[in-house]
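I have placed the structure first, in the form of structure tokens, so that the comments after it can refer back to it.
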Amino acid sequence: MILLKLISWQYVRKHLVRSLLTLTGIVLGVAVFVGMHAANQSVLYAFRQTVNRIAGTTQLQVSAGEPGFDESVLDRVQAVPGVRVAAPAIEAVVNTGLPGQGNLLILGVDMVGDRSLRDYSFEQSDDDVIDDPLIFLAQPDSIIVTASFASRNKLSINAKLPLNTMQGARIFTVRGIMKPGGMASAYGGNLAVMDIYNAEKVFGRGRRFDRIDIGVKENVRVEDVQRRIEAALGPGFQVEQPSARGQQFEAMSRIYSVSANITSAFALFIGMFIIYNTFQIAVTQRRSEIGILRALGAGRGQIRTLFLAESAVTGLIGSILGIGAGMLIARGLTGFISGYLGEMYGVAAKVDEVTTDPLLLGSALALGILASMIAALIPAINAAGVDPVKALQKGAHQLLSEKGNRKRQIAALLAAIASIIPGVPPVASDALAVAAALLLAPTLVQWLSHALRPLLRAVRPVEGTLAADSLIQSPRRTSGTVAALMLSLALVVSLGGMARASFISIKHWLDVSLNPDLFVTTSPSLTSHSFLFPGSIGEGLRDIPGIAEVQAVRSTRVSVRGVPVMLISGPVASLRKWARSRNQDHLVAGDDEEAFADTAAGRGVIISENFASLRGFKLGESVDIPSPAGLLRMKILGITRDYSDQQGTILIDRSVWMRNWNDNRVNVYRIYLQPGANEDEVRTAILQKFGNEQRMFVLRNKDVRDYVLRLTNQWFGITYVQIAVAVLVAILGIVNALTVSISDRRRELGVLQAVGGLRSQIRHTIWLEAVSIGVIGLVLGLALGAVQLWYSLDISRRDISGLRLAYDYPTNLILLLLPVILLAAWISAIGPAESAIRGSLIEALEYE
Amino acid sequence: MNRIAAAAALATAVFAATAVPPQGPREIVQTSQDRTRSKSEHYEGELQVIDSKGHTTSKRWIYDRIGAFGDSKAVLRFTAPAEVKGVALLIVNHPDRASDQWMWRPAIERDTRIALQDRRTRFFGTGFSFEDLEERDVDQYDYKIVGAENMDGALCWKIEAAPKLAKSSQYTNTYLWFRQDNYVLAELQGWSKDRMMRSIHYTDIAQVQGIWTSRRLEVWDTERKSRTILTLEKLQFNLPLRPQDFTVEALRRIG
């Protein structure tokens with residue numbers, strides 16, 4: 001502690017800016033870690049809260065995936081011994097017509113039997129004052145809202161509330177207000193309750209429930225009742241406790257979680273590198289000090305402990321600041337994540353506040369301290385190994401020993417070879433490739449510095465030579481900074497390449513697969529499943545002049561091996577005919593003609609490539625699909641490239657769907673026009689025929705493409721955050737290195753001024769040094785990025801999304817990055833350069 | 001002669017006063033049900049619900065019943081106010097098990113079944129529960145006489161009825177007061193263990209077409225502290241009602 005106070009603190013005070021910059025490395029890494037995980041946890045927590053508050057005292061839930069099931073299932077469940085109460089439910093998220101209020105989660109329940117499961121806690125009194133329960137049931141416009149929602153929108157009993165329904169915009173009447181707390185706080189208070197049979201009509205559900213909530217009799221085991229219900233209903237149904245829905249949500253958000261882990265790991269790794277670099281420079285600069293301490297009797301252990309203690313304190317302060325910054329990041333991210341998951345999966349999770357999990361915060365603190373100490377370990381060992389006699393000699397320390405260089409080169413070669421051995425997991429190969437690049441960095445930096453020397457000399461003979469010599473003569477400092485920049489830029493290239501590859505692949509898929517002229521949907525977004533068309537509309541559409549073909553498509557989520565997968569049913573023969581006429585890609589596996597013909601005949605399914613990859617399915621195997629009619633075992637007849645859904649898709653013929661689900665409702669009608677038909681006229685005709693009595697949107701092909709690309713953009717919004725992090729780290733590294741460089745060369749720069757060097761010349765020397773670091777970092781970073789991109793695509797395909805994306809080096813991004821990094825390098829040099837020329841000349845000459 | 005007649009009259013009076021039932025408690029209940037037996041029943045009802053704060057809501061309905069007590073069918077159709085007009089309830093009573101009940105809602109053209117588990121729920125905000133609308137077959141309970149009490153100026157048998165094991169009920173036991181003069185039910189109290197849940201008081205007792213019956217029921221809900229008053233108007237028995245009007249299809253058709 002005394003040494004920390006007497007020696008370390010003095011050093012920090014003397015080099016405050018550099019110390020702060022070093023600290024920022026840890027702050028950034030911890031902030032990204034905390035921000036992304038806290039945001040994910042908050043959304044998961046909000047979802048679980050909504051599920052639990054709505055579930056009330058529910059002990060079991062029966063469901064059959066997104067399509068729901070016929071009402072008759074309720075009688076079967078109620079007849080199972082041990083069931084005390086079985087209450088049906090429907091959930092839908094709708095947009096209110098109120099400005100600034102966003103979505104409302106509507107819970108449709110049978111008010112007669114639901115009271116024993118859920119506490120509605122009505123206002124006014126303990127009495128069930130829905131004003132008049134019979135009027136509530138008799139009038140289909142009846143709705144109950146929460147006190148918080150009512151208060152925000154100045155609603156009282158009998159007030160009117162506009163909602164968008166299957167019949168278009170409708171006005172509802174508030175006939176009950178729930179007190180705060182309990183169920184009323186689910187979904188951030190944006191919860192409303194309707195009679196379930198009214199809700200069926202409002203949301204076009206026909207006679208189907210989403211689920212049945214069950215209470216078990218006293219003295220009866222929940223597990224026993226669960227088994228009995230499963231036996232009574234068969235394998236097409238899931239019978240679970242409410243908490244299982246949280247696990248499904250986690251499965252859906254797994255891709256985001258993995259991405260968050262990768263990003264935060266990388267940010268932390270770069271932060272560690274900055275710490276390593278800074279401590280390495282500090283050890284070099286404080287060699288004399290270390291030598292004196294050793295000469296006075298300090299042991300190697302004490303020296304090592306001193307540096308580790310410094311790094312621990314740095315880590316502690318950086319972690320605390322990083323946690324604070326992370327919570328701010330999380331606040332911004334939660335809205336994005338919950339919005340994205342809601343749009344993609346129809347998940348109701350409204351986040352009011354960021355949850356602060358003590359375990360996460362503790363982990364972040366420990367991680368920051370540990371990362372800092374690990375990063376400083378090698379410099380600390382080096383410091384402990386300093387010879388007291390040699391320490392007092394100047395100049396030798398900046399050089400890298402030839403022996404050390406040789407060792408690093410051999411290690412780099414071995415790591416590079418290991419990374420390409422077949423059978424090594426891609427994540428390990430990637431790590432080995434990065435390790436090889438880091439080990440080789442000092443050698444490459446030397447080569448490139450020498451290569452740049454003639455160019456710099458040609459640009460500015462004096463300043464350029466001085467700048468190049470500074471780089472060459474301080475390989476430790478330069479290579480550390482360049483390595484940090486190289487890693488950051490490699491991350492940018494790899495993420496940018498992934499984003500570009502995704503865009504290209506998805507755009508190509510849109511061109512060949514999403515080829516109807518018009519889409520008739522129930523919402524502006526194709527992913528909304530709250531509203532469905534009755535199947536009868538298809539006939540009416542076919543009668544409209546100008547329409548050549550109408551395809552009724554139903555997409556819904558079903559659980560396959562515990563993960564919600566998109567099941568798409570449609571007229572496969574027609575889908576195939578029109579796809580072929582508009583040049584669709586061939587199947588990735590399976591014979592095109594046979595696969596589609598057999599699927600149309602109901603003899604099997606066609607699955608998406610990412611579904612096959614993620615779940616381990618192959619051509620010819622069978623897949624079990626739960627349905628209300630039982631477990632459907634279908635042969636995989638073909639595998640196609642389909643980017644519809646991150647969890648994967650299964651295509652079945654509509655006849656199979658109707659036979660097993662007995663549900664003729666439709667998500668979207670795909671429409672092909674006759675040659676020469678006017679698109680606008682057909683759209684108008686459709687809306688005139690159905691628009692007044694039905695909630696309906698008629699989208700052009702272009703509208704759908706734009707929407708899909710916008711959704712993809714939204715997903716990669718996270719990528720752009722990651723890119724900004726990488727650029728920031730690059731800037732930090734360069735500023736850090738230049739600051740050290742200036743202080744190391746203070747005497748040299750003082751001598752230059754004393755013999756007539758102009759301030760502008762000093763300034764330009766430092767600028768050129770900074771820009772050179774930027775150039776070297778760019779060259780190495782772009783090269784490493786090319787390798788990283790390959791590994792990232794492979795890891796993504798195998799472990800994350802299952803999607804096969806084309807390798808496409810993000811040239812446009814690089815062309816943008818070049819001036820940004822060089823500009824950042826130059827900006828980083830401004831402060832240190834001014835500091836170099838404005839200091840006292842006499843002090844500089846005396847500097848030792 | 002006068003002394004003998006007087007003694008006989010005295011003996012008769014004493015005999016009547018001690019109210020020794022001609023049969024046991026089950027028979028009293030059976031007799032009460034037998035005396036109200038009719039092939040059909042019809043009335044127009046006015047229902048008033050007064051909540052704990054004194055706020056009153058009113059509704060009207062038409063009630064029709066066909067069949068013997070405990071094995072009958074009934075349809076109850078709301079006629080006022082306008083918001084609830086057409087809402088109907090079909091009750092099919094069975095002698096050996098709980099009744100089947102369906103509700104019809106004209107606004108969404110849906111009939112829905114009232115599940116057995118839901119019978120303890122209040123009937124649309126009134127003091128009655130769905131179970132209270134069922135007819136209780138005499139063999140679904142065990143009875144015992146627990147005393148005699150005066151109710152509205154009439155001497156009544158107080159009988160405790162406990163549902164048999166096969167009978168699903170929200171009440172652990174029910175107390176019934178039957179008037180000794182005409183076997184009309186004067187009061188009913190439904191208890192759950194040691195807590196009285198509700199009481200139904202029968203008044204305006206009159207003879208309609210030779211059948212003694214109550215034309216005013218007042219329900220007191222002890223939990224919610226609300227009163228419900230049902231007044232029967234235009235009460236008639238043995239009308240020619242059609243069985244086909246007491247089906248779910250009829251609810252839809254007439255609704």
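Each chain of the structure tokens is named A, B, ... in the order shown, its residues numbered from 1; ligands are numbered from 1 in display order.
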
Tell me, counting only C-alpha atoms, for each residue of chain B within 8 Å of chain A, which pair of atoms is nearest and how far apart they are in Å to one decimal, in rows ordered by chain and increasing number, as JSON lines.
```
{"residue": "B:Glu83", "atom": "CA", "partner": "A:Ile135", "partner_atom": "CA", "distance": 6.1}
{"residue": "B:Val84", "atom": "CA", "partner": "A:Ala138", "partner_atom": "CA", "distance": 5.6}
{"residue": "B:Val87", "atom": "CA", "partner": "A:Ala138", "partner_atom": "CA", "distance": 6.8}
{"residue": "B:Arg105", "atom": "CA", "partner": "A:Ala138", "partner_atom": "CA", "distance": 6.1}
{"residue": "B:Pro106", "atom": "CA", "partner": "A:Ala138", "partner_atom": "CA", "distance": 7.7}
{"residue": "B:Ala107", "atom": "CA", "partner": "A:Gln139", "partner_atom": "CA", "distance": 6.6}
{"residue": "B:Ile108", "atom": "CA", "partner": "A:Pro140", "partner_atom": "CA", "distance": 6.9}
{"residue": "B:Arg110", "atom": "CA", "partner": "A:Tyr197", "partner_atom": "CA", "distance": 7.8}
{"residue": "B:Ile114", "atom": "CA", "partner": "A:Val112", "partner_atom": "CA", "distance": 7.9}
{"residue": "B:Ala115", "atom": "CA", "partner": "A:Gly113", "partner_atom": "CA", "distance": 7.9}
{"residue": "B:Gln117", "atom": "CA", "partner": "A:Val85", "partner_atom": "CA", "distance": 6.0}
{"residue": "B:Asp118", "atom": "CA", "partner": "A:Gly113", "partner_atom": "CA", "distance": 5.0}
{"residue": "B:Thr121", "atom": "CA", "partner": "A:Val112", "partner_atom": "CA", "distance": 6.3}
{"residue": "B:Phe124", "atom": "CA", "partner": "A:Leu134", "partner_atom": "CA", "distance": 4.9}
{"residue": "B:Gly125", "atom": "CA", "partner": "A:Pro133", "partner_atom": "CA", "distance": 5.4}
{"residue": "B:Arg224", "atom": "CA", "partner": "A:Asp127", "partner_atom": "CA", "distance": 6.0}
```

Write a file of the just-selected residues containing C-alpha atoms, as a PDB file, in the first residue's frame.
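out.pdb was written with the following content:
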```pdb
ATOM      1  CA  GLU B  83     -77.732  -3.597 -23.665  1.00  0.00           C
ATOM      2  CA  VAL B  84     -78.545  -7.073 -22.411  1.00  0.00           C
ATOM      3  CA  VAL B  87     -78.924 -12.716 -23.598  1.00  0.00           C
ATOM      4  CA  ARG B 105     -75.049 -13.905 -26.515  1.00  0.00           C
ATOM      5  CA  PRO B 106     -76.833 -12.384 -29.482  1.00  0.00           C
ATOM      6  CA  ALA B 107     -74.315  -9.597 -30.113  1.00  0.00           C
ATOM      7  CA  ILE B 108     -71.631 -12.101 -31.134  1.00  0.00           C
ATOM      8  CA  ARG B 110     -72.347 -17.360 -29.678  1.00  0.00           C
ATOM      9  CA  ILE B 114     -70.863 -22.824 -18.353  1.00  0.00           C
ATOM     10  CA  ALA B 115     -68.312 -25.260 -16.968  1.00  0.00           C
ATOM     11  CA  GLN B 117     -66.114 -25.626 -12.054  1.00  0.00           C
ATOM     12  CA  ASP B 118     -67.601 -22.208 -12.657  1.00  0.00           C
ATOM     13  CA  THR B 121     -69.373 -17.764  -9.798  1.00  0.00           C
ATOM     14  CA  PHE B 124     -73.908 -11.845 -13.903  1.00  0.00           C
ATOM     15  CA  GLY B 125     -73.308  -9.634 -10.941  1.00  0.00           C
ATOM     16  CA  ARG B 224     -70.071  -8.544  -1.074  1.00  0.00           C
TER      17      ARG B 224
END
```

Self-check item: Near-Ala552 of chain A list (8 Å; only C-alpha atoms; drop same-chain fewer than 6 positions) as a PyMOL selection string
Solution: chain A and resi 535+538+570-571+666-670

Exercise. Could you pull out the residues in segment 657-707 of chain A that DSSP calls alpha helix (DSSP H) from the backbone, as an MDAnalysis selection string?
Key: chainID A and resid 657:661 679:690 701:707

Keeping only N, CA and C atoms, write the selected residues to a file as a compact mmCIF listing (two decimals), in the first residue's frame.
```
# COMPACT_ATOMS: atom_id res chain seq x y z
N TRP A 657 -51.86 -29.03 -43.69
CA TRP A 657 -52.22 -28.10 -42.62
C TRP A 657 -53.70 -28.25 -42.28
N MET A 658 -54.55 -28.21 -43.29
CA MET A 658 -55.99 -28.26 -43.05
C MET A 658 -56.38 -29.58 -42.40
N ARG A 659 -55.77 -30.66 -42.84
CA ARG A 659 -56.12 -31.97 -42.33
C ARG A 659 -55.75 -32.09 -40.85
N ASN A 660 -54.63 -31.52 -40.48
CA ASN A 660 -54.15 -31.73 -39.12
C ASN A 660 -54.44 -30.58 -38.15
N TRP A 661 -54.59 -29.39 -38.67
CA TRP A 661 -54.88 -28.27 -37.78
C TRP A 661 -56.33 -27.80 -37.90
N GLU A 679 -51.29 -2.73 -61.74
CA GLU A 679 -51.12 -3.05 -60.32
C GLU A 679 -51.98 -2.15 -59.43
N ASP A 680 -51.96 -0.87 -59.71
CA ASP A 680 -52.72 0.07 -58.87
C ASP A 680 -54.21 -0.19 -58.96
N GLU A 681 -54.68 -0.49 -60.16
CA GLU A 681 -56.11 -0.75 -60.33
C GLU A 681 -56.52 -2.00 -59.54
N VAL A 682 -55.69 -3.01 -59.60
CA VAL A 682 -56.01 -4.25 -58.86
C VAL A 682 -56.00 -3.99 -57.36
N ARG A 683 -55.03 -3.23 -56.90
CA ARG A 683 -54.98 -2.89 -55.46
C ARG A 683 -56.26 -2.18 -55.04
N THR A 684 -56.64 -1.21 -55.83
CA THR A 684 -57.85 -0.45 -55.51
C THR A 684 -59.07 -1.36 -55.49
N ALA A 685 -59.14 -2.25 -56.48
CA ALA A 685 -60.29 -3.16 -56.54
C ALA A 685 -60.35 -4.05 -55.31
N ILE A 686 -59.21 -4.51 -54.85
CA ILE A 686 -59.18 -5.38 -53.65
C ILE A 686 -59.66 -4.62 -52.42
N LEU A 687 -59.14 -3.42 -52.27
CA LEU A 687 -59.50 -2.64 -51.08
C LEU A 687 -60.97 -2.23 -51.13
N GLN A 688 -61.47 -1.95 -52.32
CA GLN A 688 -62.89 -1.59 -52.42
C GLN A 688 -63.78 -2.76 -52.06
N LYS A 689 -63.34 -3.95 -52.47
CA LYS A 689 -64.18 -5.13 -52.22
C LYS A 689 -64.16 -5.54 -50.75
N PHE A 690 -63.00 -5.45 -50.11
CA PHE A 690 -62.88 -6.01 -48.76
C PHE A 690 -62.51 -4.97 -47.69
N ASN A 701 -44.85 -5.59 -54.06
CA ASN A 701 -43.64 -6.37 -53.88
C ASN A 701 -42.52 -5.50 -53.34
N LYS A 702 -42.43 -4.30 -53.85
CA LYS A 702 -41.37 -3.37 -53.41
C LYS A 702 -41.55 -3.02 -51.92
N ASP A 703 -42.81 -2.85 -51.51
CA ASP A 703 -43.06 -2.50 -50.11
C ASP A 703 -42.52 -3.61 -49.19
N VAL A 704 -42.75 -4.85 -49.61
CA VAL A 704 -42.34 -5.97 -48.78
C VAL A 704 -40.81 -6.07 -48.74
N ARG A 705 -40.21 -5.88 -49.89
CA ARG A 705 -38.74 -5.94 -49.91
C ARG A 705 -38.15 -4.88 -48.99
N ASP A 706 -38.69 -3.66 -49.10
CA ASP A 706 -38.18 -2.57 -48.28
C ASP A 706 -38.34 -2.92 -46.80
N TYR A 707 -39.47 -3.55 -46.47
CA TYR A 707 -39.71 -3.90 -45.07
C TYR A 707 -38.71 -4.94 -44.59
```

Self-check item: Selected residue of minimal separation from Asp210 of chain A among A:Leu532, A:Pro88, A:Ala295, A:Val30, counting only C-alpha atoms
Solution: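 Using only C-alpha atoms, the shortest distance to Asp210 of chain A belongs to A:Pro88.
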
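DSSP, applied to the backbone of this structure, assigns strand (DSSP E or B) to the following residues of segment 15-58 of chain B: Ser40, Glu41, His42, Tyr43, Glu44, Gly45, Glu46, Leu47, Gln48, Val49, Ile50, Thr56, Thr57 and Ser58 of chain B.
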
Any chance you could export the current selection's N, CA and C atoms as a PDB file, in the first residue's frame?
```
ATOM      1  N   SER B  40     -95.150 -27.161 -16.391  1.00  0.00           N
ATOM      2  CA  SER B  40     -94.363 -26.041 -16.917  1.00  0.00           C
ATOM      3  C   SER B  40     -94.604 -24.824 -16.045  1.00  0.00           C
ATOM      4  N   GLU B  41     -93.756 -23.846 -16.254  1.00  0.00           N
ATOM      5  CA  GLU B  41     -93.862 -22.620 -15.470  1.00  0.00           C
ATOM      6  C   GLU B  41     -93.428 -21.459 -16.346  1.00  0.00           C
ATOM      7  N   HIS B  42     -94.029 -20.310 -16.114  1.00  0.00           N
ATOM      8  CA  HIS B  42     -93.645 -19.102 -16.864  1.00  0.00           C
ATOM      9  C   HIS B  42     -93.835 -17.899 -15.970  1.00  0.00           C
ATOM     10  N   TYR B  43     -92.870 -16.996 -16.009  1.00  0.00           N
ATOM     11  CA  TYR B  43     -93.081 -15.717 -15.333  1.00  0.00           C
ATOM     12  C   TYR B  43     -92.219 -14.664 -15.987  1.00  0.00           C
ATOM     13  N   GLU B  44     -92.532 -13.409 -15.721  1.00  0.00           N
ATOM     14  CA  GLU B  44     -91.683 -12.288 -16.106  1.00  0.00           C
ATOM     15  C   GLU B  44     -91.059 -11.769 -14.821  1.00  0.00           C
ATOM     16  N   GLY B  45     -89.755 -11.716 -14.825  1.00  0.00           N
ATOM     17  CA  GLY B  45     -89.064 -11.355 -13.587  1.00  0.00           C
ATOM     18  C   GLY B  45     -88.449  -9.984 -13.658  1.00  0.00           C
ATOM     19  N   GLU B  46     -88.482  -9.297 -12.510  1.00  0.00           N
ATOM     20  CA  GLU B  46     -87.735  -8.056 -12.397  1.00  0.00           C
ATOM     21  C   GLU B  46     -86.642  -8.293 -11.371  1.00  0.00           C
ATOM     22  N   LEU B  47     -85.439  -7.982 -11.758  1.00  0.00           N
ATOM     23  CA  LEU B  47     -84.283  -8.258 -10.907  1.00  0.00           C
ATOM     24  C   LEU B  47     -83.636  -6.937 -10.528  1.00  0.00           C
ATOM     25  N   GLN B  48     -83.521  -6.723  -9.226  1.00  0.00           N
ATOM     26  CA  GLN B  48     -82.820  -5.514  -8.764  1.00  0.00           C
ATOM     27  C   GLN B  48     -81.605  -5.937  -7.957  1.00  0.00           C
ATOM     28  N   VAL B  49     -80.467  -5.318  -8.255  1.00  0.00           N
ATOM     29  CA  VAL B  49     -79.262  -5.605  -7.475  1.00  0.00           C
ATOM     30  C   VAL B  49     -78.841  -4.317  -6.789  1.00  0.00           C
ATOM     31  N   ILE B  50     -78.733  -4.383  -5.459  1.00  0.00           N
ATOM     32  CA  ILE B  50     -78.317  -3.207  -4.685  1.00  0.00           C
ATOM     33  C   ILE B  50     -76.951  -3.523  -4.101  1.00  0.00           C
ATOM     34  N   THR B  56     -78.183   0.881  -7.273  1.00  0.00           N
ATOM     35  CA  THR B  56     -79.138  -0.128  -7.735  1.00  0.00           C
ATOM     36  C   THR B  56     -79.123  -0.255  -9.253  1.00  0.00           C
ATOM     37  N   THR B  57     -79.091  -1.481  -9.735  1.00  0.00           N
ATOM     38  CA  THR B  57     -79.271  -1.736 -11.174  1.00  0.00           C
ATOM     39  C   THR B  57     -80.467  -2.662 -11.330  1.00  0.00           C
ATOM     40  N   SER B  58     -81.168  -2.492 -12.424  1.00  0.00           N
ATOM     41  CA  SER B  58     -82.375  -3.305 -12.646  1.00  0.00           C
ATOM     42  C   SER B  58     -82.322  -3.977 -14.000  1.00  0.00           C
TER      43      SER B  58
END
```

Self-check item: Spatial neighbours of Val208 of chain B, 9 Å, only C-alpha atoms, chain gap at least 6 places, as a list in words
Solution: Leu235, Gln236 and Phe237 of chain B

Resulting file, chosen residues, N, CA and C atoms, as a PDB file, in the first residue's frame:
```pdb
ATOM      1  N   LEU B 235     -96.994 -14.839 -13.128  1.00  0.00           N
ATOM      2  CA  LEU B 235     -96.612 -16.230 -12.923  1.00  0.00           C
ATOM      3  C   LEU B 235     -97.739 -17.157 -13.374  1.00  0.00           C
ATOM      4  N   GLN B 236     -97.359 -18.130 -14.179  1.00  0.00           N
ATOM      5  CA  GLN B 236     -98.353 -19.093 -14.651  1.00  0.00           C
ATOM      6  C   GLN B 236     -97.743 -20.479 -14.649  1.00  0.00           C
ATOM      7  N   PHE B 237     -98.591 -21.478 -14.461  1.00  0.00           N
ATOM      8  CA  PHE B 237     -98.139 -22.875 -14.485  1.00  0.00           C
ATOM      9  C   PHE B 237     -98.886 -23.645 -15.558  1.00  0.00           C
TER      10      PHE B 237
END
```

Practice problem: Using only C-alpha atoms, find the one residue out of B:Ser129, B:Gln140, B:Gln101, B:Thr112 that sits nearest to Gln30 of chain B. | Solution: B:Gln140

Practice problem: Name the residues in contact with Glu187 of chain B at a cut-off of 10 Å, using only C-alpha atoms, excluding same-chain residues fewer than 3 positions from it; report them as a PyMOL selection string. | Solution: chain B and resi 151-152+156+158+175-179+184+199-203+217-219

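Between atom CA of Ile205 of chain B and atom CA of Arg35 of chain B lies a distance of 13.6 Å.
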